[in-house]
>>> print(open('entry10.tsv').read())   # TSV, N, CA and C atoms
chain	number	residue	atom	x	y	z
A	17	MET	N	84.56	90.14	118.47
A	17	MET	CA	85.02	90.51	117.14
A	17	MET	C	86.53	90.71	117.14
A	18	ILE	N	87.05	91.36	118.16
A	18	ILE	CA	88.49	91.63	118.21
A	18	ILE	C	89.27	90.32	118.25
A	19	ALA	N	88.83	89.36	119.05
A	19	ALA	CA	89.51	88.06	119.14
A	19	ALA	C	89.51	87.34	117.79
A	20	LYS	N	88.46	87.51	117.02
A	20	LYS	CA	88.37	86.87	115.70
A	20	LYS	C	89.48	87.34	114.77
A	21	TYR	N	89.84	88.62	114.84
A	21	TYR	CA	90.84	89.19	113.95
A	21	TYR	C	92.24	89.26	114.55
A	22	GLN	N	92.40	88.87	115.81
A	22	GLN	CA	93.69	88.90	116.49
A	22	GLN	C	94.77	88.13	115.71
A	23	PRO	N	94.48	86.96	115.11
A	23	PRO	CA	95.52	86.25	114.35
A	23	PRO	C	96.11	87.05	113.19
A	24	ALA	N	95.39	88.02	112.69
A	24	ALA	CA	95.90	88.84	111.58
A	24	ALA	C	97.15	89.61	111.99
A	25	LEU	N	97.32	89.86	113.27
A	25	LEU	CA	98.49	90.60	113.75
A	25	LEU	C	99.79	89.82	113.59
A	26	ALA	N	99.69	88.51	113.42
A	26	ALA	CA	100.88	87.68	113.24
A	26	ALA	C	101.30	87.59	111.77
A	27	LEU	N	100.48	88.09	110.87
A	27	LEU	CA	100.80	88.05	109.45
A	27	LEU	C	101.84	89.10	109.10
A	28	ARG	N	102.63	88.82	108.10
A	28	ARG	CA	103.63	89.78	107.63
A	28	ARG	C	102.95	90.78	106.70
A	29	GLY	N	103.20	92.05	106.92
A	29	GLY	CA	102.57	93.09	106.12
A	29	GLY	C	103.23	93.26	104.77
A	30	ASP	N	102.48	93.77	103.82
A	30	ASP	CA	102.97	94.07	102.48
A	30	ASP	C	102.65	95.55	102.22
A	31	PRO	N	103.65	96.42	102.35
A	31	PRO	CA	103.39	97.86	102.21
A	31	PRO	C	102.72	98.26	100.90
A	32	THR	N	103.04	97.60	99.81
A	32	THR	CA	102.44	97.94	98.52
A	32	THR	C	100.95	97.62	98.53
A	33	ARG	N	100.60	96.44	99.01
A	33	ARG	CA	99.19	96.06	99.09
A	33	ARG	C	98.46	96.93	100.11
A	34	GLY	N	99.13	97.23	101.23
A	34	GLY	CA	98.52	98.06	102.25
A	34	GLY	C	98.20	99.45	101.75
A	35	ARG	N	99.11	100.00	100.96
A	35	ARG	CA	98.88	101.33	100.38
A	35	ARG	C	97.66	101.30	99.47
A	36	LYS	N	97.52	100.25	98.66
A	36	LYS	CA	96.36	100.14	97.77
A	36	LYS	C	95.07	100.04	98.56
A	37	VAL	N	95.09	99.25	99.65
A	37	VAL	CA	93.90	99.14	100.50
A	37	VAL	C	93.57	100.50	101.11
A	38	PHE	N	94.58	101.18	101.64
A	38	PHE	CA	94.36	102.50	102.23
A	38	PHE	C	93.76	103.45	101.20
A	39	GLU	N	94.36	103.52	100.03
A	39	GLU	CA	93.88	104.46	99.01
A	39	GLU	C	92.46	104.13	98.56
A	40	THR	N	92.11	102.85	98.54
A	40	THR	CA	90.79	102.42	98.08
A	40	THR	C	89.71	102.58	99.15
A	41	ILE	N	90.04	102.24	100.39
A	41	ILE	CA	89.02	102.17	101.44
A	41	ILE	C	89.14	103.30	102.47
A	42	CYS	N	90.33	103.56	102.92
A	42	CYS	CA	90.51	104.45	104.09
A	42	CYS	C	90.66	105.92	103.73
A	43	ALA	N	91.28	106.20	102.59
A	43	ALA	CA	91.62	107.58	102.23
A	43	ALA	C	90.40	108.48	102.03
A	44	ALA	N	89.23	107.91	101.87
A	44	ALA	CA	88.03	108.74	101.74
A	44	ALA	C	87.81	109.57	103.00
A	45	CYS	N	88.25	109.03	104.15
A	45	CYS	CA	88.04	109.73	105.43
A	45	CYS	C	89.33	110.05	106.19
A	46	HIS	N	90.37	109.27	105.96
A	46	HIS	CA	91.60	109.43	106.75
A	46	HIS	C	92.75	109.90	105.88
A	47	LYS	N	93.66	110.62	106.49
A	47	LYS	CA	94.84	111.11	105.79
A	47	LYS	C	96.08	110.44	106.36
A	48	ALA	N	96.98	110.05	105.49
A	48	ALA	CA	98.29	109.52	105.87
A	48	ALA	C	99.29	110.16	104.92
A	49	GLY	N	100.14	111.00	105.45
A	49	GLY	CA	101.05	111.74	104.59
A	49	GLY	C	100.27	112.73	103.75
A	50	ASP	N	100.48	112.70	102.45
A	50	ASP	CA	99.79	113.60	101.53
A	50	ASP	C	98.58	112.95	100.87
A	51	VAL	N	98.24	111.73	101.29
A	51	VAL	CA	97.16	110.99	100.66
A	51	VAL	C	95.95	110.96	101.59
A	52	GLY	N	94.78	111.24	101.04
A	52	GLY	CA	93.55	111.11	101.81
A	52	GLY	C	92.92	112.43	102.18
A	53	ASN	N	91.92	112.32	103.06
A	53	ASN	CA	91.12	113.47	103.47
A	53	ASN	C	91.08	113.58	104.99
A	54	ASP	N	90.87	114.78	105.48
A	54	ASP	CA	90.84	115.05	106.92
A	54	ASP	C	89.42	115.01	107.49
A	55	ILE	N	88.69	113.97	107.18
A	55	ILE	CA	87.35	113.82	107.74
A	55	ILE	C	87.46	113.06	109.07
A	56	GLY	N	88.16	111.95	109.05
A	56	GLY	CA	88.42	111.18	110.27
A	56	GLY	C	89.80	111.53	110.79
A	57	PRO	N	90.23	110.86	111.86
A	57	PRO	CA	91.55	111.15	112.43
A	57	PRO	C	92.68	110.96	111.42
A	58	ASN	N	93.67	111.83	111.51
A	58	ASN	CA	94.87	111.72	110.68
A	58	ASN	C	95.68	110.52	111.19
A	59	LEU	N	96.01	109.61	110.31
A	59	LEU	CA	96.67	108.38	110.73
A	59	LEU	C	98.13	108.57	111.12
A	60	ALA	N	98.68	109.75	110.89
A	60	ALA	CA	100.04	110.01	111.37
A	60	ALA	C	100.08	109.98	112.90
A	61	THR	N	98.94	110.17	113.54
A	61	THR	CA	98.88	110.21	115.00
A	61	THR	C	98.95	108.82	115.63
A	62	ILE	N	98.87	107.75	114.84
A	62	ILE	CA	98.85	106.41	115.43
A	62	ILE	C	100.20	105.70	115.34
A	63	ARG	N	101.21	106.35	114.89
A	63	ARG	CA	102.52	105.70	114.73
A	63	ARG	C	103.07	105.12	116.02
A	64	GLN	N	102.72	105.67	117.17
A	64	GLN	CA	103.23	105.16	118.43
A	64	GLN	C	102.34	104.06	119.02
A	65	TRP	N	101.22	103.75	118.38
A	65	TRP	CA	100.33	102.70	118.87
A	65	TRP	C	100.94	101.34	118.57
A	66	ASN	N	100.65	100.36	119.43
A	66	ASN	CA	101.08	98.99	119.15
A	66	ASN	C	100.01	98.34	118.27
A	67	PRO	N	100.33	97.20	117.65
A	67	PRO	CA	99.38	96.56	116.73
A	67	PRO	C	98.02	96.25	117.36
A	68	ASP	N	98.00	95.86	118.65
A	68	ASP	CA	96.72	95.59	119.30
A	68	ASP	C	95.85	96.85	119.35
A	69	GLN	N	96.45	97.98	119.66
A	69	GLN	CA	95.71	99.24	119.70
A	69	GLN	C	95.14	99.60	118.34
A	70	VAL	N	95.93	99.40	117.30
A	70	VAL	CA	95.45	99.69	115.94
A	70	VAL	C	94.26	98.81	115.60
A	71	LEU	N	94.38	97.52	115.88
A	71	LEU	CA	93.29	96.58	115.59
A	71	LEU	C	92.01	96.98	116.33
A	72	ILE	N	92.14	97.26	117.61
A	72	ILE	CA	90.97	97.63	118.41
A	72	ILE	C	90.32	98.90	117.87
A	73	ASN	N	91.13	99.89	117.53
A	73	ASN	CA	90.57	101.14	117.04
A	73	ASN	C	89.97	101.04	115.64
A	74	ILE	N	90.45	100.10	114.85
A	74	ILE	CA	89.83	99.87	113.54
A	74	ILE	C	88.47	99.19	113.71
A	75	LEU	N	88.44	98.16	114.55
A	75	LEU	CA	87.22	97.38	114.72
A	75	LEU	C	86.20	98.05	115.64
A	76	ASP	N	86.65	98.88	116.57
A	76	ASP	CA	85.77	99.54	117.53
A	76	ASP	C	86.20	101.00	117.68
A	77	PRO	N	86.00	101.80	116.63
A	77	PRO	CA	86.54	103.17	116.62
A	77	PRO	C	85.97	104.10	117.69
A	78	ASN	N	84.82	103.79	118.24
A	78	ASN	CA	84.20	104.66	119.24
A	78	ASN	C	84.55	104.25	120.67
A	79	ARG	N	85.42	103.28	120.83
A	79	ARG	CA	85.76	102.79	122.17
A	79	ARG	C	86.38	103.89	123.02
A	80	GLU	N	87.27	104.70	122.46
A	80	GLU	CA	87.94	105.74	123.25
A	80	GLU	C	87.13	107.01	123.31
>>> encode(input="entry10.tsv", output="structure tokens")
Amino acid sequence: MIAKYQPALALRGDPTRGRKVFETICAACHKAGDVGNDIGPNLATIRQWNPDQVLINILDPNRE
């Protein structure tokens, strides 16, 4: 599964669209800044992760 989505890491991000996705899908459980809920891990803690780590943790959150 991870290899299937690996090409997405080469795409250029769009912060406006990303914020909308976060607010619609992720904010129910995760918090980033003042947006969201503290049910899952606070996403401020992943700022030092590289893109591969983010992808792996999104697709396989129980790996660690």
>>> select_by_dssp(input="entry10.tsv", residues="chain A", states="strand (DSSP E or B)", output="PyMOL selection string")
chain A and resi 47-48+51-52
>>> atom_distance(input="entry10.tsv", atom1="atom CA of A:Pro57", atom2="atom CA of A:Ile72")
14.8 Å
>>> residues_around(input="entry10.tsv", residues="stretch 59-63 of chain A", least_positions_apart="2", cutoff="5 Å", atoms="all atoms listed in the file", output="list in words")
Lys47, Ala48, Pro57 and Trp65 of chain A
>>> write_last_selection(input="entry10.tsv", atoms="N, CA and C atoms", output="mmCIF file, in the frame of the given file")
data_model
loop_
_atom_site.group_PDB
_atom_site.id
_atom_site.type_symbol
_atom_site.label_atom_id
_atom_site.label_comp_id
_atom_site.auth_asym_id
_atom_site.auth_seq_id
_atom_site.Cartn_x
_atom_site.Cartn_y
_atom_site.Cartn_z
ATOM 1 N N LYS A 47 93.660 110.620 106.490
ATOM 2 C CA LYS A 47 94.840 111.110 105.790
ATOM 3 C C LYS A 47 96.080 110.440 106.360
ATOM 4 N N ALA A 48 96.980 110.050 105.490
ATOM 5 C CA ALA A 48 98.290 109.520 105.870
ATOM 6 C C ALA A 48 99.290 110.160 104.920
ATOM 7 N N PRO A 57 90.230 110.860 111.860
ATOM 8 C CA PRO A 57 91.550 111.150 112.430
ATOM 9 C C PRO A 57 92.680 110.960 111.420
ATOM 10 N N TRP A 65 101.220 103.750 118.380
ATOM 11 C CA TRP A 65 100.330 102.700 118.870
ATOM 12 C C TRP A 65 100.940 101.340 118.570
#
>>> atom_distance(input="entry10.tsv", atom1="atom N of A:Thr32", atom2="atom N of A:Lys20")
24.7 Å
>>> residues_around(input="entry10.tsv", residues="stretch 34-42 of chain A", least_positions_apart="4", cutoff="12 Å", atoms="only C-alpha atoms", output="ChimeraX atom specification")
/A:28-30,46-59,74
>>> closest_residue(input="entry10.tsv", among="A:Ala44, A:Tyr21, A:Pro31, A:Ala26", to="A:Leu71", atoms="all atoms listed in the file")
A:Tyr21
>>> atom_distance(input="entry10.tsv", atom1="atom C of A:Leu25", atom2="atom CA of A:Leu75")
14.7 Å
>>> axis_aligned_box(input="entry10.tsv", around="stretch 57-75 of chain A", padding_each_side="4 Å", output="AutoDock Vina command-line options")
--center_x 94.7 --center_y 103.7 --center_z 115.0 --size_x 25.0 --size_y 24.2 --size_z 17.4
